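First the structure, in the form of structure tokens, and then the observations on it.
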Amino acid sequence: MLSREVLRNQRERVIAGLASRGVDAALLARWQELDEARRRTLVEVEDRKRQRNEASKRIGELKRQGQAAAGEIAEVSQLKGEIEALETRLAEIDGAIGGVELELPNLPHASVPEGADESANRVERVVGEPRRFDFAPKAHWDLGSQLGILDFERGAKLAGARFTVLAGAGAQLERALIQLMLDLHTGEHGYTEILPPFLVSAEMLIGTGQLPKFAADLFRVEGRDLYLVPTAEVPLTNLHRGEVLDEAALPLRYAAYTPCFRAEAGSHGRDVRGLIRQHQFDKVELVQIAHPERSYAALEELTGHAERVLRLLELPYRVVCLSTGDTGFAAAKTYDLEVWLPGQDAYREISSCSNCEDFQARRAGVRYRTGDGKTALVHTLNGSALAVGRTLIAVLENCQQADGSVGVPEALRPYLGGRERITAGDGL
RNA sequence: GGAGGGGUGGCUGAGUGGUCGAAAGCGGCGGUCUUGAAAACCGUUGGCCCUCCGGGGCCCGGGGGUUCGAAUCCCUCCCCCUCCGCCA
């Protein structure tokens with residue numbers, strides 16, 4: 001949510017920012033109309049209430065003195081009707097303006113490249129060099145199937161398309177990656193590990209911005225106000241919902257492993273093969289709740305923490321700053337980490353690190369107390385570090401050998417009982 | 001799933017229809033005293049919204065109702081606690 005103060009008083013910035021993200025200008029005009037109506041009505045209803053309160057007070061005094069108060073009672077009765085009507089109107093306006101506000105995306109940071117889609121994204125740096133193969137590298141779906149560690153058929157049998165079974169060394173590799181990432185972030189990067197609920201209420205999803213706009217991407221539990229988490233960002237960012245935090249405690253850093261569940265109604269036909277786009281995948285997520293003055297430094301730091309995993313695994317990647325049109329709903333600035341996948345001869349997204357500034361904090365009511373005793377909204381950041389399924393893909397494709405086996409990266413071996421190689425027969 | 005008891009300010013806790021945004025204590029902040037600190041004493045101490053910057057409105061778990069008037073009465077939802085049942 002954008003602040004009403006900004007929406008009212010920084011018109012040009014808001015118009016330009018929303019336009020660069022492809023938001024219809026009519027939505028903003030509608031907001032302005034509602035805001036004016038709301039304030040008019042509020043002043044009116046509050047004036048009536050003041051009159052009513054004064055009259056009620058007089059009634060109390062008169063009654064205590066044993067005097068009649070018929071005139072005052074009639075006055076209040078009259079005011080009551082007026083107040084009711086005004087409050088009904090105010091509630092309608094509030095509902096409407098709140099609805100508009102929940103649909104408005106965050107404004108992009110000044111450093112974000114302008115553009116309608118990913119073609120305008122800016123490559124910040126390229127790290128590591130794609131390995132040269134002296135054989136034709138396979139895609140992970142062939143590699144994994146042949147090793148018996150990825151079973152797409154049985155995944156589909158159990159739950160349908162976009163579900164996969166990991167078996168044997170595949171399942172162990174997934175678990176090892178999770179462990180490696182959590183150990184790194186908690187041990188070296190100062191994050192507190194959290195194991196949150198995997199189901200959350202609609203309120204939490206409104207807090208982080210998935211609802212009300214993107215309900216179609218979520219799995220909902222039938223008959224309940226509960227959703228499967230699409231990312232641990234949701235429970236982690238909402239962890240301090242409604243709280244006033246101690247300024248000295250900032251930034252708070254949280255890391256969590258969760259499975260993530262995405263219905264992704266709009267993705268039919270994209271990445272249908274392999275593990276890239278699944279209804280269920282594992283992710284280790286980082287969240288920082290930061291002081292507003294230090295949130296952009298925190299974004300660089302957090303992105304570095306995600307990169308650290310790729311470096312440890314010796315996977316080539318690049319860092320991309322998303323353009324205004326490609327940046328997600330809640331974010332002001334996002335870096336994507338794209339890992340090199342030799343099987344697809346392309347860089348593919350493996351992490352997304354965002355500064356949401358106060359956009360989510362306003363929705364979720366996360367504040368801190370300032371030096372002068374006031375409260376102010378925190379800034380929230382989140383990043384995948386990393387998407388585990390895609391990391392597994394990257395390991396398989398980058399570390400594959402001519403004979404179809406896969407070498408285990410050095411850093412991962414302690415988590416796999418010293419195993420150096422995955423070969424046929426290590427799965428189903 | 002069944003039975004009962006509760007949700008009041010940073011915390012403990014009083015308040016059962018009117019001057020209650022709310023006693024008291026603790027904590028916090030400021031001051032007096034002190035070489036300094038503690039103790040003692042005095043004062044102060046919630047949030048949100050609107051504003052013609054004078055002020056005004058709202059908030060006692062959420063929502064609704066009764067009433068001229070609700071922290072207080074009624075309905076409903078949520079959460080917490082105790083006991084029983086079930087269960088990993």
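Chain identifiers are assigned as A, B, and so on, following the order in which chains appear in the structure tokens; residues are numbered from 1 within each chain, and ligands are numbered from 1 in order of appearance.
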Enumerate as a list of chain:residue names the residues belonging to chain A that approach chain B to within 9 Å, with only C-alpha atoms (C1' of nucleotides) taken into account. A:Arg39, A:Leu42, A:Val43, A:Val45, A:Glu46, A:Asp47, A:Lys49, A:Arg50, A:Asn53, A:Ala55, A:Ser56, A:Lys57, A:Ile59, A:Gly60, A:Glu61, A:Lys63, A:Arg64, A:Ala70, A:Glu72, A:Ile73, A:Ala74, A:Glu75, A:Val76, A:Ser77
Taking only residues of stretch 246-301 of chain A that have an atom at most 8 Å from an atom of stretch 165-187 of chain A, what is each one's shortest atom pair and its distance in Å to one decimal, using only C-alpha atoms, in chain and number order, as a Markdown table?
```
| residue | atom | partner | partner_atom | distance |
| --- | --- | --- | --- | --- |
| A:Ala255 | CA | A:His185 | CA | 7.0 |
| A:Ala256 | CA | A:Leu182 | CA | 7.5 |
| A:Tyr257 | CA | A:Ile178 | CA | 7.0 |
| A:Lys283 | CA | A:Ile178 | CA | 7.7 |
| A:Val284 | CA | A:Ile178 | CA | 6.7 |
```
Save the residues we just selected, N, CA and C atoms, as a JSON list (two decimals), in the first residue's frame?
```
[["chain", "number", "residue", "atom", "x", "y", "z"],
["A", 255, "ALA", "N", 15.53, -16.42, 8.51],
["A", 255, "ALA", "CA", 15.69, -17.39, 7.43],
["A", 255, "ALA", "C", 14.75, -18.56, 7.70],
["A", 256, "ALA", "N", 14.11, -19.03, 6.66],
["A", 256, "ALA", "CA", 13.21, -20.16, 6.84],
["A", 256, "ALA", "C", 13.24, -21.06, 5.62],
["A", 257, "TYR", "N", 13.22, -22.36, 5.89],
["A", 257, "TYR", "CA", 12.92, -23.30, 4.83],
["A", 257, "TYR", "C", 11.42, -23.58, 4.89],
["A", 283, "LYS", "N", 12.05, -23.97, -0.81],
["A", 283, "LYS", "CA", 12.81, -22.71, -0.89],
["A", 283, "LYS", "C", 13.33, -22.35, 0.49],
["A", 284, "VAL", "N", 14.53, -21.81, 0.52],
["A", 284, "VAL", "CA", 15.03, -21.17, 1.73],
["A", 284, "VAL", "C", 14.92, -19.68, 1.49]]
```
Skipping near chain neighbours, those fewer than 4 positions away, what residues fall within 6 Å of A:Asn121 using only C-alpha atoms (C1' of nucleotides), listed as a PyMOL selection string? chain A and resi 321-323
I need the chosen residues saved as a compact mmCIF listing (two decimals), in the first residue's frame, with C-alpha atoms.
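As a result, part_8.txt now contains:
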```txt
# COMPACT_ATOMS: atom_id res chain seq x y z
CA CYS A 321 18.04 -5.51 -11.85
CA LEU A 322 14.43 -5.87 -12.93
CA SER A 323 12.87 -3.05 -14.95
```
Taking the DSSP assignment computed from this structure's backbone, write out as a PyMOL selection string all residues of stretch 381-412 of chain A that belong to strand (DSSP E). chain A and resi 381-387+406-407
Output of the above residues as a PDB file, in the first residue's frame, restricted to N, CA and C atoms:
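See part_23.pdb below for the written result:
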```
ATOM      1  N   LEU A 381      12.384  -6.510   3.435  1.00  0.00           N
ATOM      2  CA  LEU A 381      13.109  -7.066   2.289  1.00  0.00           C
ATOM      3  C   LEU A 381      12.955  -8.569   2.316  1.00  0.00           C
ATOM      4  N   ASN A 382      12.971  -9.152   1.141  1.00  0.00           N
ATOM      5  CA  ASN A 382      12.940 -10.604   1.095  1.00  0.00           C
ATOM      6  C   ASN A 382      13.733 -11.093  -0.095  1.00  0.00           C
ATOM      7  N   GLY A 383      14.242 -12.320   0.022  1.00  0.00           N
ATOM      8  CA  GLY A 383      14.969 -12.902  -1.093  1.00  0.00           C
ATOM      9  C   GLY A 383      15.059 -14.401  -0.959  1.00  0.00           C
ATOM     10  N   SER A 384      15.033 -15.083  -2.085  1.00  0.00           N
ATOM     11  CA  SER A 384      15.227 -16.526  -2.052  1.00  0.00           C
ATOM     12  C   SER A 384      16.715 -16.810  -1.979  1.00  0.00           C
ATOM     13  N   ALA A 385      17.056 -17.733  -1.112  1.00  0.00           N
ATOM     14  CA  ALA A 385      18.496 -18.026  -0.962  1.00  0.00           C
ATOM     15  C   ALA A 385      18.720 -19.480  -0.597  1.00  0.00           C
ATOM     16  N   LEU A 386      18.353 -20.298  -1.501  1.00  0.00           N
ATOM     17  CA  LEU A 386      17.819 -20.079  -2.852  1.00  0.00           C
ATOM     18  C   LEU A 386      16.571 -20.923  -3.051  1.00  0.00           C
ATOM     19  N   ALA A 387      16.014 -20.842  -4.268  1.00  0.00           N
ATOM     20  CA  ALA A 387      14.992 -21.805  -4.672  1.00  0.00           C
ATOM     21  C   ALA A 387      15.688 -23.147  -4.796  1.00  0.00           C
ATOM     22  N   VAL A 406      26.762 -37.452 -12.089  1.00  0.00           N
ATOM     23  CA  VAL A 406      26.857 -36.059 -11.656  1.00  0.00           C
ATOM     24  C   VAL A 406      27.842 -35.952 -10.502  1.00  0.00           C
ATOM     25  N   GLY A 407      28.799 -35.032 -10.636  1.00  0.00           N
ATOM     26  CA  GLY A 407      29.748 -34.798  -9.559  1.00  0.00           C
ATOM     27  C   GLY A 407      29.116 -33.922  -8.486  1.00  0.00           C
TER      28      GLY A 407
END
```
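Near A:Ala19, within 10 Å and counting only C-alpha atoms (C1' of nucleotides), sit Arg13, Val14, Ile15, Ala16, Gly22, Val23, Asp24, Ala25, Leu107, Ala116, Thr324 and Gly325 of chain A, not including residues fewer than 3 positions from it in the same chain.
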Determine the nearest neighbour of A:Glu153 from the options A:Arg273, A:Glu124, A:Ser3, A:Cys353, counting only C-alpha atoms. A:Arg273
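Within the 12 Å cut-off around B:C75, using only C-alpha atoms (C1' of nucleotides) and omitting residues fewer than 5 positions from it on the same chain, the listed residues are G63, G64, G65 and U66 of chain B.
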Which residues come within 8 Å of A:Leu199, counting only C-alpha atoms (C1' of nucleotides), excluding same-chain residues fewer than 2 positions away, as JSON, numbers by chain? {"A": [197, 201, 226, 227, 228, 229]}
Set the distance at 12 Å and use only C-alpha atoms (C1' of nucleotides): which residues neighbour B:U45 once local chain neighbours fewer than 3 positions away are removed? I'd like the list as a ChimeraX atom specification. /A:373 /B:9-10,27-30
Selected residues written out with C-alpha atoms (C1' of nucleotides), as a compact mmCIF listing (two decimals), in the first residue's frame:
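In the end it all went to part-v5.txt:
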```txt
# COMPACT_ATOMS: atom_id res chain seq x y z
CA GLY A 373 9.05 8.43 20.88
C1' G B 9 -2.58 1.00 28.56
C1' G B 10 4.79 -1.51 27.95
C1' G B 27 8.29 -0.23 34.33
C1' G B 28 9.91 4.16 31.19
C1' C B 29 11.15 9.44 30.90
C1' G B 30 12.22 14.36 33.38
```
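Atom C1' of B:A23 to atom C1' of B:G61 spans 22.0 Å [interatomic distance, one decimal].
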How would you write, as a short mmCIF file (atom, residue, chain, number, x, y, z; two decimals) with N, CA and C atoms, in the first residue's frame, the set of residues in stretch 27-211 of chain A that DSSP gives as alpha helix (DSSP H)?
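To be explicit, this is the file written out as selection25.cif:
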```cif
data_model
loop_
_atom_site.label_atom_id
_atom_site.label_comp_id
_atom_site.auth_asym_id
_atom_site.auth_seq_id
_atom_site.Cartn_x
_atom_site.Cartn_y
_atom_site.Cartn_z
N LEU A 27 -7.42 4.63 -12.34
CA LEU A 27 -7.48 4.08 -10.99
C LEU A 27 -7.07 5.14 -9.97
N LEU A 28 -6.09 5.92 -10.34
CA LEU A 28 -5.60 6.97 -9.45
C LEU A 28 -6.63 8.09 -9.33
N ALA A 29 -7.25 8.44 -10.45
CA ALA A 29 -8.29 9.47 -10.44
C ALA A 29 -9.43 9.05 -9.53
N ARG A 30 -9.76 7.78 -9.62
CA ARG A 30 -10.82 7.22 -8.77
C ARG A 30 -10.43 7.34 -7.31
N TRP A 31 -9.18 7.09 -7.01
CA TRP A 31 -8.71 7.18 -5.64
C TRP A 31 -8.88 8.61 -5.12
N GLN A 32 -8.48 9.57 -5.93
CA GLN A 32 -8.52 10.96 -5.52
C GLN A 32 -9.96 11.40 -5.20
N GLU A 33 -10.86 10.98 -6.08
CA GLU A 33 -12.27 11.28 -5.89
C GLU A 33 -12.76 10.74 -4.55
N LEU A 34 -12.43 9.48 -4.28
CA LEU A 34 -12.87 8.83 -3.06
C LEU A 34 -12.24 9.48 -1.83
N ASP A 35 -10.99 9.85 -1.96
CA ASP A 35 -10.29 10.45 -0.83
C ASP A 35 -10.95 11.76 -0.42
N GLU A 36 -11.30 12.56 -1.42
CA GLU A 36 -11.94 13.83 -1.10
C GLU A 36 -13.31 13.61 -0.47
N ALA A 37 -14.06 12.68 -1.01
CA ALA A 37 -15.38 12.37 -0.47
C ALA A 37 -15.26 11.86 0.96
N ARG A 38 -14.23 11.06 1.18
CA ARG A 38 -14.03 10.47 2.49
C ARG A 38 -13.76 11.56 3.53
N ARG A 39 -12.90 12.49 3.20
CA ARG A 39 -12.55 13.52 4.17
C ARG A 39 -13.72 14.45 4.45
N ARG A 40 -14.45 14.79 3.39
CA ARG A 40 -15.64 15.61 3.58
C ARG A 40 -16.61 14.94 4.55
N THR A 41 -16.87 13.67 4.29
CA THR A 41 -17.84 12.93 5.09
C THR A 41 -17.36 12.77 6.53
N LEU A 42 -16.07 12.52 6.67
CA LEU A 42 -15.50 12.31 8.00
C LEU A 42 -15.64 13.56 8.86
N VAL A 43 -15.32 14.72 8.28
CA VAL A 43 -15.43 15.97 9.03
C VAL A 43 -16.89 16.19 9.45
N GLU A 44 -17.79 15.88 8.53
CA GLU A 44 -19.21 16.07 8.81
C GLU A 44 -19.69 15.15 9.95
N VAL A 45 -19.33 13.90 9.87
CA VAL A 45 -19.81 12.95 10.86
C VAL A 45 -19.18 13.24 12.23
N GLU A 46 -17.94 13.67 12.21
CA GLU A 46 -17.28 13.96 13.48
C GLU A 46 -17.87 15.20 14.14
N ASP A 47 -18.29 16.13 13.33
CA ASP A 47 -18.95 17.32 13.88
C ASP A 47 -20.27 16.95 14.56
N ARG A 48 -21.03 16.07 13.91
CA ARG A 48 -22.29 15.60 14.51
C ARG A 48 -22.01 14.86 15.81
N LYS A 49 -20.97 14.06 15.82
CA LYS A 49 -20.64 13.30 17.02
C LYS A 49 -20.25 14.22 18.17
N ARG A 50 -19.55 15.28 17.82
CA ARG A 50 -19.17 16.25 18.85
C ARG A 50 -20.42 16.83 19.49
N GLN A 51 -21.38 17.20 18.62
CA GLN A 51 -22.63 17.75 19.14
C GLN A 51 -23.35 16.73 20.02
N ARG A 52 -23.36 15.49 19.56
CA ARG A 52 -24.03 14.45 20.33
C ARG A 52 -23.35 14.24 21.69
N ASN A 53 -22.04 14.20 21.66
CA ASN A 53 -21.30 13.97 22.91
C ASN A 53 -21.56 15.09 23.92
N GLU A 54 -21.61 16.31 23.42
CA GLU A 54 -21.87 17.44 24.32
C GLU A 54 -23.26 17.33 24.93
N ALA A 55 -24.24 17.00 24.11
CA ALA A 55 -25.61 16.87 24.59
C ALA A 55 -25.73 15.74 25.61
N SER A 56 -25.07 14.62 25.31
CA SER A 56 -25.11 13.48 26.23
C SER A 56 -24.54 13.84 27.59
N LYS A 57 -23.48 14.59 27.54
CA LYS A 57 -22.84 15.03 28.79
C LYS A 57 -23.82 15.90 29.61
N ARG A 58 -24.51 16.78 28.93
CA ARG A 58 -25.49 17.63 29.61
C ARG A 58 -26.61 16.78 30.22
N ILE A 59 -27.02 15.74 29.47
CA ILE A 59 -28.08 14.85 29.98
C ILE A 59 -27.63 14.22 31.28
N GLY A 60 -26.42 13.74 31.29
CA GLY A 60 -25.88 13.10 32.50
C GLY A 60 -25.91 14.05 33.69
N GLU A 61 -25.48 15.31 33.44
CA GLU A 61 -25.46 16.30 34.51
C GLU A 61 -26.86 16.59 35.03
N LEU A 62 -27.79 16.80 34.09
CA LEU A 62 -29.18 17.11 34.46
C LEU A 62 -29.79 15.97 35.26
N LYS A 63 -29.56 14.73 34.80
CA LYS A 63 -30.15 13.57 35.48
C LYS A 63 -29.62 13.47 36.91
N ARG A 64 -28.33 13.71 37.06
CA ARG A 64 -27.74 13.61 38.39
C ARG A 64 -28.37 14.64 39.33
N ALA A 70 -35.50 16.46 28.49
CA ALA A 70 -36.24 16.06 27.28
C ALA A 70 -35.70 16.73 26.02
N GLY A 71 -35.36 18.02 26.13
CA GLY A 71 -34.86 18.75 24.97
C GLY A 71 -33.58 18.13 24.45
N GLU A 72 -32.65 17.84 25.37
CA GLU A 72 -31.36 17.25 24.98
C GLU A 72 -31.56 15.86 24.37
N ILE A 73 -32.46 15.11 24.99
CA ILE A 73 -32.69 13.76 24.49
C ILE A 73 -33.24 13.78 23.07
N ALA A 74 -34.11 14.71 22.81
CA ALA A 74 -34.66 14.85 21.46
C ALA A 74 -33.56 15.24 20.48
N GLU A 75 -32.67 16.13 20.93
CA GLU A 75 -31.58 16.59 20.07
C GLU A 75 -30.67 15.41 19.69
N VAL A 76 -30.33 14.63 20.71
CA VAL A 76 -29.44 13.49 20.46
C VAL A 76 -30.11 12.50 19.52
N SER A 77 -31.39 12.29 19.73
CA SER A 77 -32.14 11.36 18.92
C SER A 77 -32.09 11.77 17.45
N GLN A 78 -32.24 13.05 17.24
CA GLN A 78 -32.17 13.62 15.89
C GLN A 78 -30.78 13.40 15.28
N LEU A 79 -29.75 13.71 16.09
CA LEU A 79 -28.37 13.57 15.62
C LEU A 79 -28.04 12.11 15.30
N LYS A 80 -28.63 11.23 16.08
CA LYS A 80 -28.34 9.82 15.93
C LYS A 80 -28.64 9.34 14.51
N GLY A 81 -29.80 9.75 14.02
CA GLY A 81 -30.17 9.38 12.66
C GLY A 81 -29.19 9.92 11.64
N GLU A 82 -28.82 11.17 11.81
CA GLU A 82 -27.89 11.79 10.86
C GLU A 82 -26.53 11.08 10.89
N ILE A 83 -26.08 10.77 12.10
CA ILE A 83 -24.79 10.09 12.23
C ILE A 83 -24.82 8.73 11.56
N GLU A 84 -25.92 8.01 11.78
CA GLU A 84 -26.03 6.69 11.18
C GLU A 84 -25.90 6.75 9.67
N ALA A 85 -26.64 7.69 9.08
CA ALA A 85 -26.62 7.82 7.62
C ALA A 85 -25.21 8.17 7.13
N LEU A 86 -24.58 9.11 7.82
CA LEU A 86 -23.24 9.52 7.41
C LEU A 86 -22.23 8.39 7.57
N GLU A 87 -22.39 7.62 8.64
CA GLU A 87 -21.44 6.53 8.87
C GLU A 87 -21.60 5.42 7.85
N THR A 88 -22.82 5.18 7.45
CA THR A 88 -23.04 4.19 6.40
C THR A 88 -22.32 4.63 5.13
N ARG A 89 -22.48 5.92 4.80
CA ARG A 89 -21.83 6.42 3.60
C ARG A 89 -20.31 6.34 3.74
N LEU A 90 -19.84 6.70 4.93
CA LEU A 90 -18.40 6.68 5.17
C LEU A 90 -17.84 5.26 5.03
N ALA A 91 -18.57 4.29 5.54
CA ALA A 91 -18.12 2.91 5.46
C ALA A 91 -18.03 2.46 4.01
N GLU A 92 -18.99 2.90 3.20
CA GLU A 92 -18.96 2.55 1.77
C GLU A 92 -17.73 3.16 1.12
N ILE A 93 -17.49 4.43 1.42
CA ILE A 93 -16.33 5.11 0.84
C ILE A 93 -15.04 4.45 1.30
N ASP A 94 -14.97 4.14 2.59
CA ASP A 94 -13.77 3.49 3.13
C ASP A 94 -13.51 2.16 2.44
N GLY A 95 -14.56 1.39 2.25
CA GLY A 95 -14.41 0.11 1.58
C GLY A 95 -13.88 0.29 0.17
N ALA A 96 -14.45 1.27 -0.53
CA ALA A 96 -14.06 1.50 -1.92
C ALA A 96 -12.62 1.98 -2.02
N ILE A 97 -12.26 2.92 -1.15
CA ILE A 97 -10.90 3.48 -1.25
C ILE A 97 -9.86 2.44 -0.81
N GLY A 98 -10.23 1.65 0.19
CA GLY A 98 -9.34 0.58 0.62
C GLY A 98 -9.12 -0.43 -0.50
N GLY A 99 -10.19 -0.72 -1.23
CA GLY A 99 -10.10 -1.64 -2.36
C GLY A 99 -9.15 -1.13 -3.42
N VAL A 100 -9.26 0.16 -3.74
CA VAL A 100 -8.36 0.76 -4.73
C VAL A 100 -6.92 0.70 -4.24
N GLU A 101 -6.72 1.05 -2.99
CA GLU A 101 -5.35 1.08 -2.45
C GLU A 101 -4.68 -0.29 -2.47
N LEU A 102 -5.48 -1.34 -2.23
CA LEU A 102 -4.90 -2.68 -2.23
C LEU A 102 -4.51 -3.13 -3.63
N GLU A 103 -5.05 -2.45 -4.65
CA GLU A 103 -4.74 -2.82 -6.04
C GLU A 103 -3.57 -2.05 -6.61
N HIS A 140 18.10 -31.36 -17.30
CA HIS A 140 17.97 -32.09 -16.04
C HIS A 140 16.87 -33.15 -16.08
N TRP A 141 15.86 -32.93 -16.93
CA TRP A 141 14.77 -33.92 -16.93
C TRP A 141 15.24 -35.25 -17.50
N ASP A 142 16.16 -35.18 -18.48
CA ASP A 142 16.72 -36.43 -19.00
C ASP A 142 17.71 -37.01 -17.99
N LEU A 143 18.58 -36.14 -17.53
CA LEU A 143 19.61 -36.54 -16.58
C LEU A 143 18.99 -37.17 -15.33
N GLY A 144 18.02 -36.48 -14.76
CA GLY A 144 17.40 -36.93 -13.52
C GLY A 144 16.62 -38.22 -13.70
N SER A 145 15.92 -38.32 -14.81
CA SER A 145 15.15 -39.53 -15.08
C SER A 145 16.07 -40.72 -15.26
N GLN A 146 17.17 -40.51 -16.01
CA GLN A 146 18.09 -41.62 -16.27
C GLN A 146 18.79 -42.08 -14.99
N LEU A 147 19.06 -41.12 -14.09
CA LEU A 147 19.68 -41.50 -12.82
C LEU A 147 18.67 -42.11 -11.85
N PHE A 152 9.12 -37.94 -12.84
CA PHE A 152 8.02 -37.05 -13.24
C PHE A 152 6.72 -37.83 -13.43
N GLU A 153 6.84 -39.06 -13.93
CA GLU A 153 5.63 -39.85 -14.17
C GLU A 153 4.90 -40.14 -12.86
N ARG A 154 5.66 -40.57 -11.88
CA ARG A 154 5.00 -40.92 -10.62
C ARG A 154 4.49 -39.67 -9.89
N GLY A 155 5.21 -38.56 -10.08
CA GLY A 155 4.71 -37.30 -9.51
C GLY A 155 3.35 -36.96 -10.08
N ALA A 156 3.23 -37.12 -11.40
CA ALA A 156 1.96 -36.83 -12.08
C ALA A 156 0.88 -37.81 -11.64
N LYS A 157 1.29 -39.08 -11.44
CA LYS A 157 0.32 -40.07 -11.00
C LYS A 157 -0.25 -39.69 -9.63
N LEU A 158 0.60 -39.21 -8.75
CA LEU A 158 0.17 -38.91 -7.38
C LEU A 158 -0.67 -37.64 -7.29
N ALA A 159 -0.30 -36.61 -8.06
CA ALA A 159 -0.95 -35.31 -7.84
C ALA A 159 -1.24 -34.55 -9.13
N ALA A 169 19.15 -40.49 -4.02
CA ALA A 169 20.13 -39.42 -3.95
C ALA A 169 19.51 -38.07 -4.33
N GLY A 170 18.44 -38.08 -5.11
CA GLY A 170 17.76 -36.83 -5.48
C GLY A 170 17.12 -36.20 -4.27
N ALA A 171 16.41 -37.00 -3.50
CA ALA A 171 15.77 -36.50 -2.29
C ALA A 171 16.83 -36.06 -1.28
N GLN A 172 17.91 -36.81 -1.21
CA GLN A 172 18.98 -36.46 -0.27
C GLN A 172 19.67 -35.17 -0.68
N LEU A 173 19.84 -35.00 -1.99
CA LEU A 173 20.47 -33.81 -2.51
C LEU A 173 19.63 -32.58 -2.17
N GLU A 174 18.33 -32.70 -2.33
CA GLU A 174 17.41 -31.60 -2.00
C GLU A 174 17.57 -31.23 -0.52
N ARG A 175 17.57 -32.25 0.32
CA ARG A 175 17.68 -32.03 1.76
C ARG A 175 19.03 -31.44 2.11
N ALA A 176 20.08 -31.91 1.44
CA ALA A 176 21.44 -31.40 1.69
C ALA A 176 21.52 -29.92 1.33
N LEU A 177 20.90 -29.54 0.23
CA LEU A 177 20.93 -28.14 -0.20
C LEU A 177 20.22 -27.26 0.83
N ILE A 178 19.08 -27.71 1.32
CA ILE A 178 18.35 -26.96 2.33
C ILE A 178 19.23 -26.75 3.56
N GLN A 179 19.84 -27.82 3.98
CA GLN A 179 20.70 -27.79 5.17
C GLN A 179 21.88 -26.85 4.97
N LEU A 180 22.52 -26.95 3.83
CA LEU A 180 23.66 -26.09 3.51
C LEU A 180 23.25 -24.62 3.58
N MET A 181 22.14 -24.30 2.97
CA MET A 181 21.69 -22.90 2.91
C MET A 181 21.36 -22.37 4.30
N LEU A 182 20.61 -23.15 5.06
CA LEU A 182 20.23 -22.69 6.40
C LEU A 182 21.45 -22.54 7.30
N ASP A 183 22.37 -23.49 7.22
CA ASP A 183 23.58 -23.41 8.03
C ASP A 183 24.37 -22.15 7.68
N LEU A 184 24.48 -21.86 6.40
CA LEU A 184 25.23 -20.69 5.95
C LEU A 184 24.59 -19.40 6.48
N HIS A 185 23.29 -19.27 6.29
CA HIS A 185 22.64 -18.00 6.65
C HIS A 185 22.52 -17.79 8.15
N THR A 186 22.31 -18.88 8.87
CA THR A 186 22.22 -18.73 10.33
C THR A 186 23.62 -18.64 10.94
N GLY A 187 24.56 -19.39 10.40
CA GLY A 187 25.89 -19.45 10.97
C GLY A 187 26.76 -18.26 10.60
N ALA A 202 -5.82 -15.30 5.11
CA ALA A 202 -5.90 -14.32 4.03
C ALA A 202 -5.27 -13.00 4.45
N GLU A 203 -5.46 -12.63 5.69
CA GLU A 203 -4.88 -11.39 6.22
C GLU A 203 -3.39 -11.27 5.95
N MET A 204 -2.68 -12.37 6.18
CA MET A 204 -1.22 -12.36 6.01
C MET A 204 -0.87 -12.13 4.54
N LEU A 205 -1.66 -12.74 3.66
CA LEU A 205 -1.40 -12.61 2.23
C LEU A 205 -1.74 -11.22 1.72
N ILE A 206 -2.69 -10.57 2.37
CA ILE A 206 -2.95 -9.17 2.06
C ILE A 206 -1.76 -8.33 2.54
N GLY A 207 -1.23 -8.69 3.69
CA GLY A 207 -0.09 -7.97 4.25
C GLY A 207 1.10 -7.94 3.32
N THR A 208 1.42 -9.04 2.69
CA THR A 208 2.59 -9.08 1.82
C THR A 208 2.25 -8.75 0.37
#
```
If you count only C-alpha atoms (C1' of nucleotides), the residue of B:G62, B:G25, B:G46, B:G54 closest to B:U76 turns out to be B:G62
